[in-house]
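Peer 1: One structure, as structure tokens, below. Some questions next.
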Amino acid sequence: MKPGSDRLLDVEELTVRFGTEDGAVLAVDAASFALGPGEVLALVGESGCGKSVTALALTGLLPRSAAVSGRITFAGRNLPGLAERELRRIRGRDIAYVFQEPMTSLNPVLTVGRQIGEVLRRHQGMGGSAARRRAAELLELVGIPLPHRRLGEYPHQLSGGMRQRVMIAMAVACRPRLLVADEPTTALDVTVQAGILDVLRTLRAEIGTAVLLITHDLGVVADIAERVVVMYAGRTIEEAHAEALFARPSHPYTRGLLDAVPNPARHADGGLREIPGRVPVLATSPDACTFADRCGHADGVCRTRRPAFARGPAGHLVRCWHPLAVPVPP
Amino acid sequence: MTPTLEIVDLVKHFGPVRAVDGVSLTVGVGEVVGLVGESGSGKSTLGRCVTRLVPVTSGQVRIRGRDIALLSRRALRPLRRDFTIVFQDPSSSLNPRMTVGDIIAEPLRLHRLGSAATRRARVIDLLDQVGLPADVVRRYPHELSGGQRQRVSLARALSASPSLLVADEPTSALDVSVQASVLNLVGRLQRDLGFACLFITHDLASVEFLAQRVAVMYLGLLVEIADRAELFAAPRHPYTQALLSAAPIPDPAVQRARRRIVLSGDVPSPVDPPPGCRFHTRCPVAVERCAVDVPPLRPVGPAGALVACHLVDDDGTAPEVSAAMPAPSLGS
């Protein structure tokens with residue numbers, strides 16, 4: 001990450017707690033990361049690691065039962081300090097979201113053109129015909145053929161991939177500086193996913209949008225992310241450039257995750273490596289490494305002291321008392 | 001040797017929807033065949049026809065030589081212990097009011113296999129085989145994690161020692177690290193117990209890991225069947241090429257150097273599939289003939305692969321679809 005003022009988004013010590021009937025849950029535990037303008041950063045982890053909660057917390061989209069603390073600086077402004085009215089202006093105009101399931105985010109009784117037009121009228125004060133023209137341009141930008149015809153169609157008339165393209169078109173209607181994409185291709189087939197990832201690349205090239213990509217899919221990360229932050233049990237545990245992370249993971253959990261995924265480019269004769277045990281659900285932040293119980297490298301320190309998120313031997317940020325050695329090239 | 005499963009010209013229509021439209025596929029004794037396709041390809045319907053969870057429109061489903069496609073439910077019942085299915089979401093396929101022990105013993109009870117005591121012993125044995133501690137017998141499904149529930153489904157499916165297991169996306173609902181352990185488990189059980197397996201999935205990587213042969217389905221038809229190594233090294237059908245190309249490799253150094261095939265358009269409706277080759281509307285290398293003549297699934301090349309494409313020669317030479325794609329304009 002480039003220093004200081006180059007940052008578009010700076011998240012410091014973000015902590016999110018939920019009060020539930022079964023007691024408190026610590027969903028995000030002092031997560032820190034930053035994003036530069038036009039950068040594609042992937043936030044990676046398995047279910048329950050806190051990646052989606054982090055994404056929602058950025059612009060205050062969590063329910064009232066969530067207690068959020070920490071600093072979230074976006075373009076020089078501290079977001080948690082803003083009034084809801086001001087946050088609403090930022091959402092949609094400067095920070096836009098795309099979620100996994102487009103059908104639940106689109107209004108089924110409004111045409112595609114009407115829904116995109118709504119965004120343009122609301123945030124950019126465009127008139128009807130200008131909004132319609134711009135909506136068609138946006139559909140073209142996200143790779144929808146015959147955009148003028150599509151404007152008059154309803155969401156149910158579109159395929160899953162087309163709906164997700166419409167969602168992205170709406171999200172980028174105001175040329176946001178940050179697009180938060182939460183598992184945007186998880187519900188889609190791979191041939192459709194390839195097209196959506198191309199759309200994200202196009203947006204970056206054409207309007208310079210930075211992308212915070214929330215995903216569990218390491219293939220998607222390998223395809224599109226420049227930098228990767230790995231989360232585990234609410235904590236950020238490793239951060240590095242994508243190539244470096246895949247080639248030289250420093251955290252044993254990252255290593256475990258990479259080894260667990262079957263890779264068609266190299267057949268796993270001896271079986272896939274498994275990570276024993278389960279992800280813990282925590283009420284409070286323990287004075288320990290949260291991965292210690294599942295880690296082959298853990299010792300007394302790991303179980304009694306909380307590791308800091310610090311520069312490790314491979315140059316990655318890593319939260320581990322015993323980061324993995326950098327492999328010696330043959 | 002009679003194959004464990006022989007599907008011959010199987011057709012399943014739901015009203016006007018031609019979900020499966022004439023599929024023939026064989027799974028040998030102790031063989032794992034991966035059936036790959038995207039949503040709407042008909043792969044899950046095929047799995048349901050094979051296990052007779054839905055009535056078959058026409059064709060044959062021979063299990064160890066006996067055609068069960070059109071048998072009455074009554075005639076089918078005693079044969080059911082020989083073929084079973086596990087599904088994607090174990091939480092909806094396990095009865096929430098039954099204990100794990102009762103769930104696993106149910107097939108044995110229904111088929112009147114063994115005494116109560118031997119069934120109990122069998123359940124403990126099965127739990128051990130799927131890597132669960134014996135004390136889960138008295139637990140209920142909701143007390144278990146997703147991965148543990150899928151292990152219970154497998155134990156139930158295998159309790160009556162079937163010769164065929166149909167696995168329909170058994171790992172798709174699971175987290176990455178849990179997926180690995182379930183894939184390893186399916187592989188180990190299959191090697192230890194020797195059942196034949198039709199492994200249905202959209203995930204090419206898990207097929208590459210588990211299957212000996214792979215069948216690729218598109219819009220109700222098989223377009224290619226080949227040995228695993230051959231299919232992944234040199235896919236021949238343009239759709240197979242596109243599918244492999246679209247599945248990202250979890251390694252940026254490899255993934256970013258690939259020339260990708262991005263298909264245009266959507267999968268057409270199975271109500272009114274395109275004439276000729278069903279893939280021709282999205283095929284980057286289609287020629288005029290592809291829109292007219294239906295390409296038969298025919299043997300090509302020296303290793304016995306089957307491909308349904310006019311553009312693949314009898315010696316197995318196939319068009320290189322990525323060469324027909326525009327070079328990436330926005331490299332990263």
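As shown in the structure tokens, the chain order sets the letters A, B, ...; within each chain, residues go from 1, and ligands are also counted from 1 in the order they appear.
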When you get a sec, could you note down which chain A residues fall within 9 Å of chain B, using only C-alpha atoms, as a PyMOL selection string?
Peer 2: chain A and resi 46-47+144-145+159+161-162+188-195+198+201-202+205+216-226+242-243+246-247+256-265+267-269+271-276+278
Peer 1: I want to know what sits within 12 Å of Arg85 (chain A), based on only C-alpha atoms, with residues of the same chain fewer than 6 positions away left out; could you give that as a PyMOL selection string?
Peer 2: chain A and resi 59-60+79+91
Peer 1: Next, the residues of the selection above should be written as a CSV table (one decimal), in the first residue's frame with N, CA, C and O atoms.
Peer 2:
chain,number,residue,atom,x,y,z
A,59,THR,N,-20.0,1.5,5.5
A,59,THR,CA,-20.9,2.7,5.3
A,59,THR,C,-22.1,2.6,6.3
A,59,THR,O,-23.2,3.1,5.9
A,60,GLY,N,-21.9,1.9,7.4
A,60,GLY,CA,-23.0,1.9,8.4
A,60,GLY,C,-24.2,1.1,8.0
A,60,GLY,O,-25.4,1.5,8.3
A,79,LEU,N,-15.9,8.0,8.3
A,79,LEU,CA,-17.3,7.6,8.0
A,79,LEU,C,-18.2,7.4,9.2
A,79,LEU,O,-19.3,7.8,9.3
A,91,ARG,N,-23.1,6.6,0.1
A,91,ARG,CA,-23.5,5.3,-0.5
A,91,ARG,C,-24.2,5.5,-1.8
A,91,ARG,O,-25.1,6.4,-1.9
Peer 1: Out of region 203-330 of chain A, which residues get strand (DSSP E) from DSSP, as an NGL selection string?
Peer 2: :A and (210-215 or 227-232 or 235-241 or 310-311 or 317-318)
Peer 1: How about saving the chosen residues, N, CA and C atoms kept, as a PDB file, in the first residue's frame?
Peer 2:
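The result, written out as result37.pdb:
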ATOM      1  N   ALA A 210     -12.042   1.817  -7.703  1.00  0.00           N
ATOM      2  CA  ALA A 210     -11.369   0.822  -6.867  1.00  0.00           C
ATOM      3  C   ALA A 210     -12.389  -0.249  -6.501  1.00  0.00           C
ATOM      4  N   VAL A 211     -11.926  -1.482  -6.335  1.00  0.00           N
ATOM      5  CA  VAL A 211     -12.847  -2.574  -6.018  1.00  0.00           C
ATOM      6  C   VAL A 211     -12.400  -3.262  -4.740  1.00  0.00           C
ATOM      7  N   LEU A 212     -13.330  -3.355  -3.780  1.00  0.00           N
ATOM      8  CA  LEU A 212     -13.107  -4.201  -2.610  1.00  0.00           C
ATOM      9  C   LEU A 212     -13.919  -5.458  -2.856  1.00  0.00           C
ATOM     10  N   LEU A 213     -13.231  -6.546  -3.167  1.00  0.00           N
ATOM     11  CA  LEU A 213     -13.892  -7.782  -3.548  1.00  0.00           C
ATOM     12  C   LEU A 213     -13.921  -8.727  -2.356  1.00  0.00           C
ATOM     13  N   ILE A 214     -15.127  -9.056  -1.911  1.00  0.00           N
ATOM     14  CA  ILE A 214     -15.278  -9.986  -0.797  1.00  0.00           C
ATOM     15  C   ILE A 214     -15.534 -11.358  -1.397  1.00  0.00           C
ATOM     16  N   THR A 215     -14.695 -12.332  -1.108  1.00  0.00           N
ATOM     17  CA  THR A 215     -14.906 -13.639  -1.724  1.00  0.00           C
ATOM     18  C   THR A 215     -14.295 -14.756  -0.891  1.00  0.00           C
ATOM     19  N   ARG A 227      -4.111  -7.056  -4.553  1.00  0.00           N
ATOM     20  CA  ARG A 227      -3.665  -7.319  -3.200  1.00  0.00           C
ATOM     21  C   ARG A 227      -4.727  -8.136  -2.494  1.00  0.00           C
ATOM     22  N   VAL A 228      -4.316  -8.889  -1.476  1.00  0.00           N
ATOM     23  CA  VAL A 228      -5.237  -9.789  -0.792  1.00  0.00           C
ATOM     24  C   VAL A 228      -5.088  -9.614   0.712  1.00  0.00           C
ATOM     25  N   VAL A 229      -6.222  -9.537   1.398  1.00  0.00           N
ATOM     26  CA  VAL A 229      -6.235  -9.580   2.851  1.00  0.00           C
ATOM     27  C   VAL A 229      -6.983 -10.849   3.251  1.00  0.00           C
ATOM     28  N   VAL A 230      -6.348 -11.709   4.033  1.00  0.00           N
ATOM     29  CA  VAL A 230      -6.998 -12.936   4.476  1.00  0.00           C
ATOM     30  C   VAL A 230      -7.548 -12.713   5.878  1.00  0.00           C
ATOM     31  N   MET A 231      -8.796 -13.094   6.089  1.00  0.00           N
ATOM     32  CA  MET A 231      -9.403 -12.956   7.422  1.00  0.00           C
ATOM     33  C   MET A 231      -9.671 -14.334   8.006  1.00  0.00           C
ATOM     34  N   TYR A 232      -9.546 -14.426   9.315  1.00  0.00           N
ATOM     35  CA  TYR A 232      -9.869 -15.670  10.014  1.00  0.00           C
ATOM     36  C   TYR A 232     -10.449 -15.323  11.380  1.00  0.00           C
ATOM     37  N   ARG A 235     -10.350 -11.717  12.532  1.00  0.00           N
ATOM     38  CA  ARG A 235      -9.103 -10.958  12.466  1.00  0.00           C
ATOM     39  C   ARG A 235      -8.506 -10.992  11.060  1.00  0.00           C
ATOM     40  N   THR A 236      -7.831  -9.909  10.696  1.00  0.00           N
ATOM     41  CA  THR A 236      -7.026  -9.950   9.486  1.00  0.00           C
ATOM     42  C   THR A 236      -5.746 -10.684   9.847  1.00  0.00           C
ATOM     43  N   ILE A 237      -5.407 -11.712   9.092  1.00  0.00           N
ATOM     44  CA  ILE A 237      -4.253 -12.529   9.490  1.00  0.00           C
ATOM     45  C   ILE A 237      -3.097 -12.467   8.487  1.00  0.00           C
ATOM     46  N   GLU A 238      -3.386 -12.067   7.256  1.00  0.00           N
ATOM     47  CA  GLU A 238      -2.269 -11.895   6.316  1.00  0.00           C
ATOM     48  C   GLU A 238      -2.667 -10.933   5.213  1.00  0.00           C
ATOM     49  N   GLU A 239      -1.703 -10.120   4.809  1.00  0.00           N
ATOM     50  CA  GLU A 239      -1.946  -9.214   3.695  1.00  0.00           C
ATOM     51  C   GLU A 239      -0.706  -9.179   2.812  1.00  0.00           C
ATOM     52  N   ALA A 240      -0.930  -9.309   1.503  1.00  0.00           N
ATOM     53  CA  ALA A 240       0.211  -9.294   0.580  1.00  0.00           C
ATOM     54  C   ALA A 240      -0.291  -9.071  -0.836  1.00  0.00           C
ATOM     55  N   HIS A 241       0.612  -8.802  -1.763  1.00  0.00           N
ATOM     56  CA  HIS A 241       0.257  -8.785  -3.172  1.00  0.00           C
ATOM     57  C   HIS A 241      -0.159 -10.195  -3.572  1.00  0.00           C
ATOM     58  N   ALA A 310       1.940  -7.767  11.819  1.00  0.00           N
ATOM     59  CA  ALA A 310       3.224  -7.109  11.589  1.00  0.00           C
ATOM     60  C   ALA A 310       3.934  -7.697  10.384  1.00  0.00           C
ATOM     61  N   ARG A 311       4.938  -6.993   9.930  1.00  0.00           N
ATOM     62  CA  ARG A 311       5.717  -7.395   8.760  1.00  0.00           C
ATOM     63  C   ARG A 311       6.448  -8.699   9.054  1.00  0.00           C
ATOM     64  N   LEU A 317       2.307  -8.551   5.608  1.00  0.00           N
ATOM     65  CA  LEU A 317       1.792  -8.325   6.952  1.00  0.00           C
ATOM     66  C   LEU A 317       1.214  -9.647   7.414  1.00  0.00           C
ATOM     67  N   VAL A 318       1.580 -10.090   8.597  1.00  0.00           N
ATOM     68  CA  VAL A 318       1.082 -11.388   9.052  1.00  0.00           C
ATOM     69  C   VAL A 318       0.882 -11.371  10.561  1.00  0.00           C
TER      70      VAL A 318
END
Peer 1: Check the DSSP output for the backbone and give back, as a PyMOL selection string, the residues of region 80-275 of chain A in helix (DSSP H, G or I).
Peer 2: chain A and resi 80-81+84-93+102-105+112-124+128-141+147-150+155-157+160-171+190-207+218-224+242-247+252-260
Peer 1: Using only C-alpha atoms, which protein or nucleic acid residues come within 12 Å of Pro274 (chain B)? Drop anything in the same chain fewer than 5 positions from it, and give the result as a ChimeraX atom specification.
Peer 2: /B:18,218-220,267-269,279-282,290-294
Peer 1: Of the residues A:Ala171, A:Val301, A:Leu35, A:Ala42, which is the one nearest to Asp6 (chain A), using only C-alpha atoms?
Peer 2: A:Leu35
Peer 1: Contacts of Gly48 (chain A) at 8 Å or less, counting only C-alpha atoms, minus same-chain residues fewer than 3 places along, as a PyMOL selection string?
Peer 2: chain A and resi 27+51+233-234+279+281
Peer 1: Can you tell me, as a count of residues only, what residues are no more than 7 Å from Ala211 (chain B) when counting only C-alpha atoms, ignoring any on the same chain fewer than 5 positions away?
Peer 2: 4
Peer 1: In Å, rounded to a single decimal, give me how far CA of Ala288 (chain A) is from CA of Arg303 (chain A).
Peer 2: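 Computing the Euclidean distance for CA of Arg303 (chain A) and CA of Ala288 (chain A) yields 4.7 Å.
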Peer 1: At what distance in Å, to one decimal, does CA of Arg17 (chain A) lie from CA of Ala66 (chain A)?
Peer 2: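 That distance, rounded to one decimal, is 5.5 Å.
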Peer 1: Quick one: residues within 6 Å of Thr111 (chain A), only C-alpha atoms, excluding same-chain residues fewer than 5 positions away - as a list of chain:residue names?
Peer 2: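 With the cut-off at 6 Å, the set is A:Gly152, A:Glu153, A:Tyr154.
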Peer 1: Write out the residues from the selection above, keeping N, CA and C atoms, as a PDB file, in the first residue's frame.
Peer 2:
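So result_10.pdb came out as:
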ATOM      1  N   GLY A 152     -36.342  -1.706 -21.279  1.00  0.00           N
ATOM      2  CA  GLY A 152     -37.776  -1.868 -21.079  1.00  0.00           C
ATOM      3  C   GLY A 152     -38.143  -3.200 -20.450  1.00  0.00           C
ATOM      4  N   GLU A 153     -37.142  -4.004 -20.103  1.00  0.00           N
ATOM      5  CA  GLU A 153     -37.453  -5.331 -19.562  1.00  0.00           C
ATOM      6  C   GLU A 153     -37.439  -5.344 -18.035  1.00  0.00           C
ATOM      7  N   TYR A 154     -38.092  -6.353 -17.486  1.00  0.00           N
ATOM      8  CA  TYR A 154     -38.163  -6.521 -16.033  1.00  0.00           C
ATOM      9  C   TYR A 154     -37.105  -7.545 -15.584  1.00  0.00           C
TER      10      TYR A 154
END
Peer 1: Mind giving me the straight-line distance from CA of Leu154 (chain B) to CA of Val216 (chain B) in Å, one decimal?
Peer 2: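 These two atoms are separated by 24.6 Å.
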Peer 1: Just want the 8 Å neighbourhood of region 3-8 of chain B, counted on only C-alpha atoms, with same-chain residues fewer than 6 positions away dropped. Output as a ChimeraX atom specification.
Peer 2: /B:22-30,50,59-65,163-164,196
